[in-house]
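Participant: You'll find data_38.txt just under this line, and it carries compact mmCIF, C-alpha atoms and all ligand atoms.
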```txt
# COMPACT_ATOMS: atom_id res chain seq x y z
CA MET V 29 -34.97 38.29 -7.39
CA ALA V 30 -35.46 34.79 -8.55
CA VAL V 31 -32.87 32.29 -7.50
CA THR V 32 -32.55 31.46 -11.21
CA GLU V 33 -30.57 34.71 -11.68
CA LEU V 34 -27.75 32.98 -9.79
CA PHE V 35 -27.30 30.67 -12.75
CA LYS V 36 -26.67 33.36 -15.35
CA PRO V 37 -23.07 33.60 -16.57
CA LEU V 38 -20.93 36.61 -15.71
CA THR V 39 -18.18 38.00 -17.91
CA LEU V 40 -14.95 39.24 -16.35
CA SER V 41 -12.58 41.88 -17.72
CA HIS V 42 -9.89 39.26 -18.38
CA GLY V 43 -10.07 35.62 -19.34
CA PRO V 44 -13.05 33.27 -19.37
CA GLU V 45 -16.45 34.11 -17.90
CA MET V 46 -17.97 32.71 -14.72
CA ARG V 47 -20.56 30.08 -15.63
CA ASN V 48 -22.83 31.21 -12.77
CA ARG V 49 -22.71 33.47 -9.70
CA PHE V 50 -21.31 31.06 -7.10
CA VAL V 51 -17.74 31.54 -5.87
CA LEU V 52 -16.16 29.33 -3.26
CA ALA V 53 -14.58 31.34 -0.42
CA PRO V 54 -10.94 30.74 0.42
CA LEU V 55 -11.02 28.14 3.20
CA THR V 56 -7.90 27.22 5.13
CA ASN V 57 -7.98 23.49 5.78
CA GLN V 58 -4.53 22.72 7.19
CA GLN V 59 -3.92 19.54 5.29
CA SER V 60 -0.92 20.31 3.08
CA ALA V 61 2.53 18.78 3.56
CA ARG V 62 4.69 20.63 6.07
CA ASP V 63 6.75 22.18 3.25
CA GLY V 64 3.56 23.70 1.79
CA SER V 65 3.16 21.19 -1.06
CA ALA V 66 -0.40 20.17 -1.86
CA SER V 67 -1.13 16.74 -0.38
CA THR V 68 -3.56 14.06 -1.50
CA PHE V 69 -5.92 15.52 1.12
CA ASP V 70 -5.78 18.90 -0.62
CA LEU V 71 -6.51 17.22 -3.93
CA ASP V 72 -9.39 15.19 -2.51
CA TRP V 73 -10.97 18.27 -0.96
CA ILE V 74 -10.56 20.49 -4.01
CA GLY V 75 -11.77 17.58 -6.17
CA GLN V 76 -15.03 17.35 -4.19
CA LEU V 77 -15.58 21.09 -4.60
CA ALA V 78 -14.62 21.01 -8.26
CA GLN V 79 -17.59 18.73 -8.92
CA GLY V 80 -19.96 21.10 -7.10
CA ASP V 81 -20.80 23.45 -10.01
CA TYR V 82 -19.08 26.57 -8.67
CA ALA V 83 -18.19 29.27 -11.20
CA LEU V 84 -14.91 29.98 -9.43
CA ILE V 85 -13.01 28.08 -6.79
CA GLN V 86 -10.55 29.92 -4.57
CA THR V 87 -7.86 27.91 -2.83
CA CYS V 88 -7.15 28.42 0.84
CA ALA V 89 -4.69 31.15 1.78
CA ALA V 90 -1.30 30.15 0.30
CA THR V 91 2.00 31.53 1.58
CA VAL V 92 3.86 33.83 -0.82
CA GLU V 93 6.95 33.60 1.41
CA ALA V 94 8.05 30.79 3.72
CA GLY V 95 8.39 33.38 6.48
CA GLY V 96 4.82 34.61 5.99
CA ILE V 97 3.19 31.44 7.34
CA ALA V 98 0.22 31.65 9.73
CA PHE V 99 -1.14 28.09 9.86
CA ASP V 100 0.28 24.66 10.41
CA ARG V 101 0.13 22.65 7.18
CA GLN V 102 -0.65 25.77 5.18
CA LEU V 103 -0.58 25.53 1.40
CA GLY V 104 2.49 27.19 -0.13
CA ILE V 105 3.13 29.01 -3.38
CA HIS V 106 6.47 30.52 -2.45
CA SER V 107 8.68 27.99 -4.22
CA ASP V 108 8.83 26.26 -7.58
CA SER V 109 8.78 23.01 -5.62
CA HIS V 110 5.08 23.72 -5.03
CA LEU V 111 4.32 23.77 -8.75
CA ALA V 112 3.65 20.06 -9.16
CA GLY V 113 0.92 19.98 -6.49
CA LEU V 114 -0.55 23.30 -7.54
CA THR V 115 -0.73 22.13 -11.14
CA LYS V 116 -2.72 19.09 -10.03
CA MET V 117 -5.08 21.34 -8.07
CA ALA V 118 -5.62 23.59 -11.09
CA ASP V 119 -6.21 20.53 -13.29
CA VAL V 120 -8.77 19.07 -10.91
CA ILE V 121 -10.71 22.34 -10.83
CA ARG V 122 -10.62 22.72 -14.62
CA GLU V 123 -11.93 19.17 -15.06
CA GLY V 124 -14.99 20.20 -13.02
CA GLY V 125 -15.60 23.13 -15.36
CA GLY V 126 -14.95 25.98 -12.91
CA LEU V 127 -12.43 28.80 -12.91
CA SER V 128 -9.59 28.59 -10.42
CA THR V 129 -7.69 31.07 -8.32
CA VAL V 130 -5.01 30.86 -5.64
CA GLN V 131 -5.41 33.10 -2.63
CA LEU V 132 -2.08 34.88 -2.09
CA HIS V 133 -1.29 35.38 1.57
CA HIS V 134 1.40 36.75 3.85
CA ALA V 135 0.73 36.87 7.58
CA GLY V 136 2.79 40.05 8.22
CA HIS V 137 3.21 40.72 11.94
CA ARG V 138 1.20 37.58 12.74
CA ALA V 139 3.64 35.16 11.04
CA ARG V 140 4.13 32.25 13.43
CA ARG V 141 7.68 31.62 14.59
CA GLU V 142 6.94 28.09 15.76
CA LEU V 143 6.09 27.21 12.13
CA GLY V 144 9.21 28.86 10.72
CA GLY V 145 7.47 32.19 10.23
CA ILE V 146 9.27 35.50 10.54
CA PRO V 147 7.03 38.26 11.89
CA ALA V 148 7.10 41.12 9.37
CA PRO V 149 5.38 44.11 10.93
CA ALA V 150 4.56 47.42 9.28
CA SER V 151 5.38 49.12 12.56
CA GLY V 152 8.12 48.72 15.17
CA SER V 153 5.59 48.81 17.99
CA THR V 154 3.35 45.87 17.04
CA VAL V 155 5.51 42.89 17.99
CA PRO V 156 7.79 43.41 21.00
CA GLY V 157 11.45 43.29 19.96
CA VAL V 158 10.72 43.12 16.21
CA LYS V 159 11.66 46.07 13.99
CA ALA V 160 9.37 47.33 11.26
CA LEU V 161 10.18 46.08 7.75
CA THR V 162 12.54 48.43 5.94
CA THR V 163 11.33 49.99 2.69
CA GLU V 164 13.46 47.50 0.74
CA GLU V 165 11.97 44.59 2.68
CA VAL V 166 8.46 45.81 1.91
CA GLU V 167 9.40 45.86 -1.77
CA LEU V 168 10.64 42.29 -1.48
CA VAL V 169 7.29 41.21 0.00
CA ARG V 170 5.53 42.97 -2.88
CA ASP V 171 7.74 41.09 -5.33
CA SER V 172 6.98 37.79 -3.57
CA PHE V 173 3.26 38.35 -4.19
CA ILE V 174 3.98 39.04 -7.86
CA GLU V 175 6.26 35.99 -8.23
CA ALA V 176 3.64 33.83 -6.54
CA ALA V 177 1.05 35.05 -9.05
CA GLN V 178 3.38 34.08 -11.89
CA ARG V 179 3.73 30.65 -10.30
CA ALA V 180 -0.06 30.33 -10.13
CA GLU V 181 -0.20 31.15 -13.81
CA ARG V 182 2.45 28.54 -14.61
CA ALA V 183 0.47 25.98 -12.60
CA GLY V 184 -2.53 26.66 -14.83
CA PHE V 185 -4.73 28.69 -12.51
CA ASP V 186 -7.01 31.25 -14.14
CA GLY V 187 -5.95 33.86 -11.65
CA VAL V 188 -5.08 34.85 -8.12
CA SER V 189 -7.00 36.50 -5.31
CA VAL V 190 -4.93 38.96 -3.37
CA HIS V 191 -5.61 38.55 0.36
CA GLY V 192 -6.26 42.02 1.69
CA ALA V 193 -8.45 40.94 4.61
CA PHE V 194 -8.34 40.12 8.33
CA GLY V 195 -5.25 42.09 9.36
CA TRP V 196 -2.80 40.04 7.31
CA ILE V 197 0.01 42.01 5.70
CA LEU V 198 -1.88 44.05 3.09
CA SER V 199 -4.68 44.88 5.49
CA GLU V 200 -2.07 45.60 8.19
CA PHE V 201 -0.39 48.17 5.96
CA MET V 202 -3.78 49.83 5.30
CA SER V 203 -4.42 50.26 9.01
CA PRO V 204 -3.50 53.55 10.68
CA LEU V 205 -3.37 51.59 13.94
CA LEU V 206 -0.84 48.99 12.77
CA ASN V 207 1.11 51.15 10.31
CA ASP V 208 2.99 54.16 11.70
CA ARG V 209 5.64 54.26 8.98
CA THR V 210 7.14 57.45 7.67
CA ASP V 211 8.30 56.08 4.30
CA LYS V 212 6.24 55.83 1.09
CA TYR V 213 4.28 52.88 2.59
CA GLY V 214 2.96 54.82 5.61
CA GLY V 215 1.26 58.04 6.61
CA SER V 216 -1.39 59.16 4.11
CA THR V 217 -4.19 56.87 2.95
CA GLU V 218 -2.51 56.73 -0.43
CA ASN V 219 0.76 55.60 1.13
CA ARG V 220 -0.88 52.95 3.29
CA ALA V 221 -2.70 51.58 0.24
CA ARG V 222 0.50 51.64 -1.83
CA LEU V 223 1.59 48.07 -1.07
CA THR V 224 -1.78 46.66 -2.16
CA LEU V 225 -1.79 48.74 -5.33
CA GLU V 226 1.78 47.84 -6.22
CA VAL V 227 0.99 44.15 -5.72
CA ILE V 228 -2.10 44.32 -7.95
CA GLU V 229 -0.47 46.45 -10.64
CA GLY V 230 2.68 44.33 -10.55
CA ILE V 231 0.65 41.14 -11.07
CA ARG V 232 -1.22 42.72 -13.96
CA ARG V 233 2.10 43.63 -15.63
CA ALA V 234 3.81 40.29 -14.92
CA CYS V 235 0.99 37.94 -15.94
CA GLY V 236 -0.75 37.33 -19.25
CA PRO V 237 -3.73 39.22 -20.69
CA ASP V 238 -6.25 36.54 -19.65
CA PHE V 239 -5.04 36.29 -16.07
CA GLN V 240 -7.73 37.20 -13.54
CA ILE V 241 -7.07 39.23 -10.40
CA GLY V 242 -9.38 39.26 -7.41
CA TRP V 243 -8.94 41.32 -4.29
CA ARG V 244 -10.34 40.20 -0.94
CA LEU V 245 -11.09 43.01 1.45
CA SER V 246 -12.38 43.05 5.01
CA VAL V 247 -13.36 46.32 6.58
CA GLU V 248 -13.68 45.61 10.29
CA ARG V 249 -11.25 45.43 13.24
CA TYR V 250 -7.46 45.93 13.07
CA GLY V 251 -7.97 49.69 13.27
CA LEU V 252 -9.29 49.83 9.70
CA LEU V 253 -11.35 52.87 8.75
CA LEU V 254 -14.45 52.23 6.68
CA GLU V 255 -14.54 55.65 5.01
CA GLU V 256 -10.91 55.29 3.95
CA LEU V 257 -11.32 51.76 2.63
CA ARG V 258 -14.30 52.90 0.64
CA ASP V 259 -12.19 55.62 -1.00
CA ILE V 260 -9.39 53.17 -1.79
CA THR V 261 -11.89 50.71 -3.22
CA ALA V 262 -13.51 53.47 -5.27
CA GLU V 263 -10.15 54.15 -6.88
CA ILE V 264 -9.42 50.48 -7.55
CA LEU V 265 -12.84 50.05 -9.16
CA ASP V 266 -12.59 53.29 -11.11
CA ARG V 267 -9.18 52.31 -12.51
CA GLU V 268 -10.44 48.75 -13.11
CA LEU V 269 -7.29 47.33 -11.58
CA ILE V 270 -8.97 44.04 -10.64
CA ASP V 271 -11.47 41.64 -12.16
CA TYR V 272 -13.46 41.14 -8.99
CA LEU V 273 -13.76 42.40 -5.44
CA ASP V 274 -14.57 39.82 -2.76
CA LEU V 275 -15.95 41.54 0.34
CA ALA V 276 -15.03 39.34 3.26
CA LEU V 277 -17.88 40.06 5.66
CA TRP V 278 -18.78 37.75 8.53
CA ASP V 279 -22.43 38.65 8.09
CA SER V 280 -23.52 40.04 4.74
CA ALA V 281 -26.58 41.63 6.41
CA GLN V 282 -24.56 43.56 8.99
CA THR V 283 -25.25 47.28 9.35
CA VAL V 284 -22.75 50.04 10.06
CA GLN V 285 -22.95 51.22 13.68
CA GLU V 286 -21.29 54.64 13.52
CA GLY V 287 -19.78 57.30 11.26
CA THR V 288 -20.79 58.55 7.82
CA PHE V 289 -22.58 55.34 6.84
CA ALA V 290 -24.34 54.53 10.11
CA GLY V 291 -27.57 52.60 9.55
CA GLN V 292 -26.62 51.36 6.06
CA THR V 293 -25.58 47.79 5.43
CA LEU V 294 -21.83 47.40 5.27
CA LEU V 295 -22.34 45.76 1.92
CA SER V 296 -24.16 48.77 0.44
CA VAL V 297 -21.23 51.05 1.31
CA PHE V 298 -19.34 49.18 -1.41
CA THR V 299 -22.06 48.06 -3.79
CA ASP V 300 -23.13 51.72 -4.13
CA LEU V 301 -19.75 52.60 -5.66
CA PRO V 302 -19.46 52.86 -9.45
CA ARG V 303 -17.73 49.65 -10.43
CA LYS V 304 -17.23 49.93 -14.21
CA GLY V 305 -16.22 46.47 -15.46
CA VAL V 306 -15.22 45.12 -12.04
CA ARG V 307 -17.47 42.47 -10.50
CA VAL V 308 -18.38 42.69 -6.83
CA GLY V 309 -19.38 39.87 -4.50
CA ALA V 310 -19.57 39.20 -0.79
CA ALA V 311 -19.31 36.44 1.77
CA GLY V 312 -21.02 36.26 5.14
CA LYS V 313 -23.59 33.74 6.36
CA ILE V 314 -24.98 32.89 2.95
CA MET V 315 -26.63 29.71 4.14
CA SER V 316 -29.64 29.38 1.85
CA ALA V 317 -30.71 29.64 -1.77
CA GLN V 318 -32.98 32.56 -0.93
CA ARG V 319 -30.24 34.55 0.83
CA ALA V 320 -27.92 33.98 -2.11
CA GLY V 321 -30.58 35.28 -4.51
CA GLN V 322 -31.25 38.29 -2.27
CA LEU V 323 -27.61 39.34 -2.42
CA LEU V 324 -27.89 39.85 -6.17
CA GLU V 325 -30.83 42.16 -5.43
CA GLU V 326 -28.65 43.98 -2.93
CA GLY V 327 -26.13 44.77 -5.64
CA CYS V 328 -23.75 41.81 -5.71
CA ASP V 329 -22.71 40.31 -9.04
CA PHE V 330 -21.80 37.02 -7.34
CA VAL V 331 -21.99 35.34 -3.94
CA VAL V 332 -19.09 33.87 -1.96
CA ILE V 333 -19.86 30.66 -0.12
CA GLY V 334 -17.79 29.67 2.93
CA ARG V 335 -19.20 27.55 5.76
CA ALA V 336 -22.20 26.37 3.74
CA GLY V 337 -19.71 25.01 1.20
CA ILE V 338 -17.90 22.98 3.86
CA LEU V 339 -21.20 21.55 5.08
CA GLN V 340 -22.36 20.66 1.57
CA ARG V 341 -19.61 20.63 -1.06
CA ASP V 342 -22.01 21.10 -3.97
CA PHE V 343 -23.96 24.07 -2.59
CA PRO V 344 -24.60 25.55 -6.10
CA ARG V 345 -26.01 22.26 -7.33
CA GLN V 346 -28.28 21.98 -4.29
CA VAL V 347 -29.59 25.49 -4.99
CA GLN V 348 -30.23 24.61 -8.60
CA LYS V 349 -32.19 21.52 -7.59
CA ASN V 350 -34.14 23.33 -4.88
CA PRO V 351 -34.71 27.11 -4.79
CA GLN V 352 -35.75 26.70 -1.12
CA TYR V 353 -32.49 24.95 -0.20
CA GLU V 354 -31.24 25.64 3.34
CA SER V 355 -27.77 24.69 4.50
CA PRO V 356 -27.50 22.30 7.45
CA LYS V 357 -27.29 24.29 10.68
CA LEU V 358 -24.08 24.67 12.66
CA PRO V 359 -22.73 23.05 14.75
CA VAL V 360 -22.53 19.60 13.19
CA THR V 361 -20.93 16.40 14.43
CA ALA V 362 -17.47 15.27 13.38
CA GLN V 363 -19.17 12.18 11.99
CA TYR V 364 -21.33 14.32 9.71
CA LEU V 365 -18.21 15.99 8.27
CA ARG V 366 -16.40 12.65 7.97
CA ALA V 367 -19.34 11.12 6.13
CA GLY V 368 -19.27 14.11 3.78
CA GLY V 369 -15.66 13.24 2.87
CA LEU V 370 -13.61 15.66 4.99
CA SER V 371 -10.25 14.41 6.25
CA GLU V 372 -9.37 14.05 9.93
CA ARG V 373 -6.84 16.87 9.50
CA PHE V 374 -9.50 19.24 8.29
CA ILE V 375 -12.00 18.11 10.93
CA ASN V 376 -9.39 18.68 13.67
CA TYR V 377 -8.92 22.22 12.41
CA LEU V 378 -12.67 22.84 12.33
CA GLN V 379 -12.91 21.62 15.92
CA GLY V 380 -10.92 24.74 16.84
CA TRP V 381 -13.59 26.96 15.26
CA GLN V 382 -16.26 28.27 17.56
CA THR V 383 -19.63 26.68 16.93
CA PHE V 384 -18.59 24.48 14.02
CA VAL V 385 -18.30 20.98 15.44
CA TYR V 386 -20.13 19.68 18.55
C1 LIG V 401 -12.68 26.98 8.22
C2 LIG V 401 -12.52 28.34 7.63
C3 LIG V 401 -11.34 28.69 6.99
C4 LIG V 401 -11.18 29.96 6.44
N1 LIG V 401 -10.02 30.26 5.76
C5 LIG V 401 -9.90 31.44 5.12
C6 LIG V 401 -8.77 31.71 4.30
O1 LIG V 401 -7.87 30.89 4.10
N2 LIG V 401 -8.72 32.92 3.69
C7 LIG V 401 -9.70 33.86 3.84
O2 LIG V 401 -9.61 34.95 3.27
N3 LIG V 401 -10.79 33.61 4.59
C8 LIG V 401 -10.91 32.43 5.21
N4 LIG V 401 -12.06 32.16 5.93
C9 LIG V 401 -13.21 33.09 5.87
C10 LIG V 401 -14.16 32.64 4.75
O3 LIG V 401 -13.53 32.71 3.49
C11 LIG V 401 -15.44 33.49 4.71
O4 LIG V 401 -15.12 34.82 4.36
C12 LIG V 401 -16.17 33.48 6.04
O5 LIG V 401 -16.25 32.16 6.54
C13 LIG V 401 -17.58 34.06 5.92
O6 LIG V 401 -18.34 33.33 4.98
P1 LIG V 401 -19.41 32.20 5.46
O7 LIG V 401 -20.33 32.88 6.43
O8 LIG V 401 -20.07 31.75 4.20
O9 LIG V 401 -18.63 31.12 6.14
C14 LIG V 401 -12.22 30.91 6.52
C15 LIG V 401 -13.41 30.55 7.17
C16 LIG V 401 -13.57 29.30 7.71
C17 LIG V 401 -14.89 28.93 8.37
```
Now, as a test, write the supplied structure out as structure tokens.
Ligand SMILES: Cc1cc2nc3c(=O)[nH]c(=O)nc-3n(C[C@H](O)[C@H](O)[C@H](O)COP(=O)(O)O)c2cc1C
Facilitator:
Amino acid sequence: MAVTELFKPLTLSHGPEMRNRFVLAPLTNQQSARDGSASTFDLDWIGQLAQGDYALIQTCAATVEAGGIAFDRQLGIHSDSHLAGLTKMADVIREGGGLSTVQLHHAGHRARRELGGIPAPASGSTVPGVKALTTEEVELVRDSFIEAAQRAERAGFDGVSVHGAFGWILSEFMSPLLNDRTDKYGGSTENRARLTLEVIEGIRRACGPDFQIGWRLSVERYGLLLEELRDITAEILDRELIDYLDLALWDSAQTVQEGTFAGQTLLSVFTDLPRKGVRVGAAGKIMSAQRAGQLLEEGCDFVVIGRAGILQRDFPRQVQKNPQYESPKLPVTAQYLRAGGLSERFINYLQGWQTFVY
């Protein structure tokens, strides 16, 4: 498929359309103030991206509760005190012409005590000495997601993306390995998916008719079962509970090794599902114009750009200028990132990533 297809607009079930098919992945950058307020570094970074011609810009993972923190200098959306900074972020994105969304995050059992986090496991056997959340506490977490979405709306964001990936709380509850509960949030597939569904449905009820809801899903590790996640996704798509599904793959070309779908690409397990009005996209090593175009052929409505977007903030514009565009190869030098406008805080964080910085 021609790379030009990537520049066709895409309507969503709620609110304004995407102007093209490029979505920026949520990218933690550890440069907020220690209370979670957006800093000038956050604004600089989001400002660079905002000018890059993306259809939709997702913020980094933002804490829906102070106790749900996973990263030092993580962006927060758990208090009204965060509204001023968030409003500036939403404004900066709007000025660039893209849609904006806050990624809503709670670290669950992996909340970091040294940062003020309070581990909140689904099961009593995950973190030594820490009891599983009670049913009432789970409902409070659900409500925190919903309140955070309302805050995002007040700050002027077009929507939120619900973080259901990488073993964080919603993905933790989905996992039969990490969730051994006997209440309505554990046991059957339906019960383990309940928290995610209640969060999504609660946001839809609490926010306005134009508010956009994305759901980020990863399907590997943490004891997650592909067949089960496919069924849950099928229901969410069939009921059109979200505007878009963001498949958080590490390699969009990866194939399934075992089970019902062995030999297929992981992506196709989800793009084969009937999706009604829901849009489906994926991340995972999209490092060239050609690969981005190919993903539309493979059934994606949009592509989600992570590392290539850090290396070149205006990836969509580069693709438009050059259909043969290739992202710089990793690793890169700190000086390369500095020259591109990244802050020392962000560069320090990237130095902790395998194969990012020399
Ligand atoms: C520096 C960095 C920070 C990330 N932070 C987040 C995050 O806050 N939330 C999230 O869901 N994924 C996060 N991810 C994963 C990316 O969103 C993306 O799914 C992944 O990098 C694969 O896409 P890519 O191959 O284009 O980089 C992060 C990845 C990187 C490299």
Participant: Determine, counting all atoms listed in the file, which protein, DNA and RNA residues have an atom within 6 Å of an atom of Leu275 (chain V); residues of the same chain fewer than 2 positions away are not included. Present the result as a PyMOL selection string.
Facilitator: chain V and resi 244-245+277+310
Participant: All residues within 7 Å of ligand LIG 401 (chain V) are required, counting all atoms listed in the file; please report them as a PyMOL selection string.
Facilitator: chain V and resi 53-57+88-89+191+193+244+276-279+311-315+332-336+378
Participant: Which residue, V:Arg182, V:Thr163, V:Gly80, V:Thr115, has the smallest gap to Asp211 (chain V) when you use all atoms listed in the file?
Facilitator: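 Using all atoms listed in the file, Asp211 (chain V) sits closest to V:Thr163.
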Participant: Which residues are near region 215-226 of chain V? Cut-off 10 Å, only C-alpha atoms, ignore same chain within fewer than 4 positions. Put them as a ChimeraX atom specification.
Facilitator: /V:150,166-167,169-171,173-174,190-192,197-204,207-211,230-232,243,256-257,259-261,264,269
Participant: Between V:Glu372, V:Glu33, V:Asp329, V:Glu286, single out the one closest to Gln58 (chain V), counting all atoms listed in the file.
Facilitator: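 Of the candidates, the smallest distance to Gln58 (chain V) is held by V:Glu372.
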Participant: When you count only C-alpha atoms, which of these residues is closest to Leu77 (chain V): V:Gly337, V:Gly195, V:Pro37, V:Gly214?
Facilitator: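 Among the listed residues, V:Gly337 lies closest to Leu77 (chain V).
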Participant: Which one of V:Phe99, V:Phe384, V:Phe69, V:Phe50 sits closest to Gln86 (chain V) if you count all atoms listed in the file?
Facilitator: V:Phe50
Participant: May I ask which of the residues V:Leu324, V:Ile270, V:Ile74, V:Val247 is the closest one to Val227 (chain V), counting only C-alpha atoms?
Facilitator: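 Between V:Leu324, V:Ile270, V:Ile74, V:Val247, the residue approaching Val227 (chain V) most closely is V:Ile270.
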Participant: May I ask which of the residues V:Leu34, V:Cys328, V:Leu143, V:Val158 is the closest one to Leu301 (chain V), counting all atoms listed in the file?
Facilitator: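 Ranking V:Leu34, V:Cys328, V:Leu143, V:Val158 by distance to Leu301 (chain V), first place goes to V:Cys328.
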Participant: Could you check how far CA of Gly144 (chain V) sits from CA of Tyr250 (chain V), in Å to one decimal?
Facilitator: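 For CA of Gly144 (chain V) relative to CA of Tyr250 (chain V), the distance reads 24.0 Å.
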Participant: One decimal, Å: what's the distance from CA of Gln102 (chain V) over to CA of Gln340 (chain V), could you say?
Facilitator: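 Interatomic distance here is 22.6 Å.
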